[in-house]
Amino acid sequence: MKWEQPPLWPVAMPSMMGFVAGCVPYLLESQYLTTESKFSLFAPFAMAAMACMAICLLQSSIESKLEMFSGSLVSLLVSLIGQLLFFVWFVPVILVWVRESIFVWRKSYPAFRIGFWIGLGAASGVYMGGIFAYNVV
(Lines give C-alpha, C1' and ligand atoms only; values in the text may rest on other atoms or scores of the structure.)
Protein backbone atom coordinates (compact mmCIF):
# COMPACT_ATOMS: atom_id res chain seq x y z
CA MET A 1 0.00 0.00 0.00
CA LYS A 2 1.25 3.46 -0.89
CA TRP A 3 -0.16 6.82 0.12
CA GLU A 4 -0.02 10.12 -1.72
CA GLN A 5 0.44 12.10 1.51
CA PRO A 6 1.55 11.05 4.98
CA PRO A 7 -1.47 9.34 6.58
CA LEU A 8 -2.58 10.24 10.08
CA TRP A 9 -4.65 7.20 11.08
CA PRO A 10 -1.83 4.60 11.20
CA VAL A 11 0.28 6.93 13.31
CA ALA A 12 -2.27 8.48 15.67
CA MET A 13 -4.88 5.77 16.26
CA PRO A 14 -2.65 2.88 17.40
CA SER A 15 -0.47 5.06 19.59
CA MET A 16 -3.44 6.78 21.24
CA MET A 17 -5.20 3.48 21.86
CA GLY A 18 -1.99 2.00 23.24
CA PHE A 19 -1.51 5.06 25.44
CA VAL A 20 -4.97 4.60 26.94
CA ALA A 21 -4.31 0.86 27.40
CA GLY A 22 -1.06 1.66 29.19
CA CYS A 23 -2.81 4.07 31.55
CA VAL A 24 -5.77 1.82 32.43
CA PRO A 25 -4.09 -0.31 35.15
CA TYR A 26 -3.00 2.82 36.97
CA LEU A 27 -6.39 4.48 36.69
CA LEU A 28 -8.32 1.55 38.13
CA GLU A 29 -8.10 1.92 41.88
CA SER A 30 -9.37 -1.35 43.20
CA GLN A 31 -8.75 -3.72 46.04
CA TYR A 32 -8.16 -6.46 43.48
CA LEU A 33 -5.22 -4.72 41.81
CA THR A 34 -2.06 -5.58 43.61
CA THR A 35 1.28 -3.96 42.94
CA GLU A 36 2.34 -6.89 40.74
CA SER A 37 -0.79 -6.79 38.61
CA LYS A 38 -0.65 -3.00 38.32
CA PHE A 39 2.86 -3.14 36.83
CA SER A 40 2.07 -6.05 34.52
CA LEU A 41 2.23 -5.45 30.78
CA PHE A 42 -0.03 -8.35 29.79
CA ALA A 43 -3.40 -6.59 30.22
CA PRO A 44 -2.36 -3.40 28.36
CA PHE A 45 -0.87 -5.46 25.54
CA ALA A 46 -4.06 -7.54 25.32
CA MET A 47 -6.09 -4.32 25.06
CA ALA A 48 -3.65 -3.02 22.43
CA ALA A 49 -4.06 -6.26 20.45
CA MET A 50 -7.84 -5.82 20.47
CA ALA A 51 -7.41 -2.20 19.38
CA CYS A 52 -5.12 -3.31 16.53
CA MET A 53 -7.71 -5.87 15.47
CA ALA A 54 -10.38 -3.16 15.36
CA ILE A 55 -8.09 -0.85 13.37
CA CYS A 56 -7.24 -3.61 10.88
CA LEU A 57 -10.87 -4.70 10.41
CA LEU A 58 -12.11 -1.13 9.87
CA GLN A 59 -9.75 -0.43 6.97
CA SER A 60 -11.51 -0.63 3.65
CA SER A 61 -8.55 0.25 1.44
CA ILE A 62 -6.48 -2.80 2.42
CA GLU A 63 -7.58 -6.08 0.91
CA SER A 64 -5.72 -8.49 3.23
CA LYS A 65 -6.98 -7.61 6.70
CA LEU A 66 -5.90 -10.96 8.19
CA GLU A 67 -2.33 -10.43 6.98
CA MET A 68 -2.35 -6.91 8.40
CA PHE A 69 -3.66 -8.11 11.76
CA SER A 70 -1.09 -10.91 11.90
CA GLY A 71 1.66 -8.33 11.32
CA SER A 72 0.38 -6.24 14.20
CA LEU A 73 0.23 -9.29 16.48
CA VAL A 74 3.79 -10.28 15.58
CA SER A 75 5.08 -6.80 16.37
CA LEU A 76 3.18 -6.71 19.67
CA LEU A 77 4.65 -10.09 20.63
CA VAL A 78 8.18 -9.01 19.65
CA SER A 79 7.72 -5.85 21.70
CA LEU A 80 6.36 -7.68 24.74
CA ILE A 81 8.91 -10.52 24.74
CA GLY A 82 11.76 -8.10 24.18
CA GLN A 83 10.59 -5.95 27.09
CA LEU A 84 10.39 -9.00 29.34
CA LEU A 85 14.00 -9.91 28.45
CA PHE A 86 15.62 -6.45 28.28
CA PHE A 87 14.70 -3.58 30.59
CA VAL A 88 15.17 -0.79 28.02
CA TRP A 89 13.61 -2.58 25.04
CA PHE A 90 10.93 0.12 24.80
CA VAL A 91 13.52 2.62 23.52
CA PRO A 92 14.31 0.75 20.25
CA VAL A 93 10.61 -0.03 19.77
CA ILE A 94 9.69 3.65 19.98
CA LEU A 95 12.61 4.71 17.77
CA VAL A 96 11.78 2.13 15.07
CA TRP A 97 8.13 3.18 15.15
CA VAL A 98 9.06 6.86 14.74
CA ARG A 99 11.39 6.03 11.85
CA GLU A 100 8.73 3.91 10.15
CA SER A 101 6.15 6.65 10.68
CA ILE A 102 8.38 9.05 8.79
CA PHE A 103 9.28 6.79 5.85
CA VAL A 104 6.73 3.97 5.40
CA TRP A 105 4.14 6.03 3.51
CA ARG A 106 6.55 6.79 0.64
CA LYS A 107 6.90 3.22 -0.62
CA SER A 108 4.49 0.44 -1.39
CA TYR A 109 4.60 -2.15 1.36
CA PRO A 110 2.53 -5.31 1.86
CA ALA A 111 -0.25 -5.48 4.42
CA PHE A 112 1.93 -7.45 6.88
CA ARG A 113 4.46 -4.61 7.02
CA ILE A 114 1.71 -2.02 7.52
CA GLY A 115 0.30 -4.19 10.32
CA PHE A 116 3.76 -4.47 11.87
CA TRP A 117 3.95 -0.67 11.85
CA ILE A 118 0.51 -0.40 13.48
CA GLY A 119 1.52 -2.90 16.16
CA LEU A 120 4.72 -1.00 16.90
CA GLY A 121 2.65 2.16 17.28
CA ALA A 122 0.34 0.43 19.76
CA ALA A 123 3.29 -0.98 21.71
CA SER A 124 4.92 2.45 21.79
CA GLY A 125 1.69 3.90 23.11
CA VAL A 126 1.51 1.25 25.83
CA TYR A 127 5.04 2.06 26.94
CA MET A 128 4.50 5.83 26.87
CA GLY A 129 1.12 5.50 28.61
CA GLY A 130 2.58 3.32 31.33
CA ILE A 131 5.43 5.72 31.96
CA PHE A 132 3.06 8.70 31.95
CA ALA A 133 0.55 7.07 34.31
CA TYR A 134 3.26 5.86 36.69
CA ASN A 135 4.74 9.35 37.00
CA VAL A 136 1.59 11.47 36.90
CA VAL A 137 -1.31 9.40 38.25
# chains A, B, ... in the order shown; residues from 1 in each chain; ligands from 1
$ residues_around --residues "A:Ala54" --least-positions-apart "6" --cutoff "12 Å" --atoms "only C-alpha atoms" --output "ChimeraX atom specification"
/A:13-14,17,47-48,65-66,68-69,72,115,118-119
$ residues_around --residues "A:Phe42" --least-positions-apart "2" --cutoff "12 Å" --atoms "only C-alpha atoms" --output "PyMOL selection string"
chain A and resi 21-22+24-25+36-40+44-49+76-77+79-81+83-84+123+126-127
$ closest_residue --among "A:Leu28, A:Leu41, A:Pro110, A:Pro10" --to "A:Gly130" --atoms "only C-alpha atoms"
A:Leu41
$ atom_distance --atom1 "atom CA of A:Val78" --atom2 "atom CA of A:Gln5"
28.9 Å
$ select_by_dssp --residues "stretch 36-103 of chain A" --states "helix (DSSP H, G or I)" --output "NGL selection string"
:A and (36-38 or 42-58 or 65-85 or 90-103)
